[in-house]
Structures are given as structure tokens and as C-alpha cells.
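Source file query-v9.txt; content: compact mmCIF, C-alpha atoms.
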```txt
# COMPACT_ATOMS: atom_id res chain seq x y z
CA MET A 139 127.85 63.12 71.22
CA SER A 140 129.82 60.49 69.42
CA THR A 141 127.97 57.45 68.13
CA THR A 142 131.05 55.42 67.29
CA PRO A 143 130.97 51.87 68.65
CA PRO A 144 133.54 50.99 71.30
CA GLY A 145 136.61 49.50 69.67
CA SER A 146 139.45 47.35 70.85
CA GLY A 147 141.27 50.48 72.01
CA ASP A 148 138.51 51.15 74.53
CA ARG A 149 138.75 47.59 75.75
CA LEU A 150 142.50 47.97 76.25
CA VAL A 151 141.96 51.12 78.28
CA ARG A 152 139.46 49.33 80.54
CA ILE A 153 141.73 46.31 80.98
CA GLY A 154 144.69 48.61 81.67
CA ALA A 155 142.71 50.47 84.33
CA ILE A 156 141.76 47.23 86.05
CA VAL A 157 145.35 45.96 86.01
CA PHE A 158 146.56 49.34 87.29
CA PHE A 159 144.13 49.30 90.22
CA VAL A 160 145.08 45.71 91.11
CA GLY A 161 148.70 46.86 91.17
CA ALA A 162 147.80 49.87 93.29
CA LEU A 163 145.99 47.64 95.76
CA ALA A 164 148.98 45.29 95.84
CA THR A 165 151.22 48.27 96.55
CA LEU A 166 149.07 49.38 99.47
CA VAL A 167 149.00 45.87 100.92
CA THR A 168 152.74 45.41 100.45
CA VAL A 169 153.75 48.75 101.96
CA ALA A 170 151.33 48.58 104.91
CA PRO A 171 153.49 46.17 106.99
CA LEU A 172 156.37 48.62 106.77
CA PHE A 173 154.28 51.32 108.45
CA LEU A 174 152.63 48.95 110.91
CA GLY A 175 155.90 47.46 112.10
CA THR A 176 154.98 43.90 111.21
CA THR A 177 156.92 41.35 109.17
CA PRO A 178 157.40 42.44 105.53
CA LEU A 179 155.71 40.42 102.83
CA PRO A 180 157.72 38.05 100.59
CA PRO A 181 159.32 39.29 97.36
CA ILE A 182 156.51 37.88 95.21
CA ALA A 183 154.19 40.48 96.76
CA TRP A 184 156.62 43.22 95.78
CA SER A 185 156.64 41.97 92.20
CA LEU A 186 152.83 42.30 92.08
CA CYS A 187 153.32 46.04 92.56
CA MET A 188 154.75 46.15 89.04
CA LEU A 189 151.21 45.63 87.75
CA MET A 190 150.70 49.39 88.11
CA GLY A 191 153.22 50.06 85.37
CA VAL A 192 151.94 47.23 83.21
CA GLY A 193 148.38 48.54 83.51
CA PHE A 194 149.51 52.01 82.59
CA LEU A 195 151.26 50.70 79.48
CA ILE A 196 148.20 48.67 78.44
CA ALA A 197 145.95 51.71 78.85
CA ALA A 198 148.38 53.90 76.91
CA ALA A 199 148.41 51.35 74.08
CA GLY A 200 144.61 51.47 74.04
CA VAL A 201 144.63 55.26 73.78
CA VAL A 202 147.12 55.13 70.91
CA ARG A 203 145.02 52.49 69.15
CA SER A 204 141.87 54.60 69.54
CA VAL A 205 143.61 57.70 68.23
CA ARG A 206 144.90 55.82 65.20
CA ALA A 207 141.44 54.39 64.48
CA GLY A 208 139.92 57.86 64.81
CA SER A 209 142.41 59.40 62.41
CA ARG A 210 141.64 56.71 59.81
CA GLU A 211 137.93 57.59 59.91
CA ARG A 212 138.54 61.21 58.98
```

Take the structure in this file and express it as C-alpha cells.
Amino acid sequence: MSTTPPGSGDRLVRIGAIVFFVGALATLVTVAPLFLGTTPLPPIAWSLCMLMGVGFLIAAAGVVRSVRAGSRER
């Protein structure tokens, strides 16, 4: 088991996962009216779907930061 304290890279991964899941939820809510035959949501709702990509990029930056910190310790 590793006893290294959680660094800022771990925090970025957690934040990225939260942002990603908010974007995924926004995507489900935005696409649902298309399948239900109701009125589509306004364009601002569609732009919230982009949070999935933003969350993925934040999490990827956290992974890269953790890898770099780990390689410095060796």
C-alpha cells in the first residue's frame, strides 16, 4: 500500500469527475425531451453538456500532475 499523501493531482481528478458527472446529467436531461416528444430545452442547456469534456480534461490534467510528482520522488 502506498502511504503518500493525496496531492493536488488527486484533487484535480476528483473535481474533474464531479464536473464530468454534472455534464453527463445535463446531457441526459437535455436529450430526454427529444425522446419524449416534448419541447426541446434552450441552447444554454445544450452548452452545459460540454461540461463532460471539461471534466475529462481536468481529470486528465490531474493524472498527468500525479504522474509527474511520482516520477520526481523516485

*Take CA of Leu150 in chain A and CA of Met190 in chain A and report the distance between them in Å, one decimal.*
14.5 Å

*Any idea what the distance is between CA of Ile182 in chain A and CA of Val169 in chain A?*
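Between these atoms lies a distance of 13.1 Å.
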
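Non-sequential neighbours of Val151 in chain A (distance at most 10 Å, separation of 4 or more positions within a chain, only C-alpha atoms) are Ser146, Gly147, Ala155, Ile156, Val157, Gly193, Phe194, Leu195, Ile196, Ala197, Ala198, Ala199, Gly200, Val201, Val202, Arg203 and Ser204 of chain A.
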
*Val167 in chain A surroundings by only C-alpha atoms, 12 Å radius, close-in-sequence under 4 positions cut, as a list of chain:residue names*: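 Once the nearby chain positions are removed, what remains is A:Val160, A:Gly161, A:Ala162, A:Leu163, A:Pro171, A:Leu172, A:Phe173, A:Leu174, A:Pro178, A:Leu179, A:Pro180, A:Ala183, A:Trp184, A:Leu186, A:Cys187.
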
*Kindly give the distance, in Å, that separates CA of Gly191 in chain A and CA of Phe158 in chain A, rounded to a single decimal.*
7.0 Å
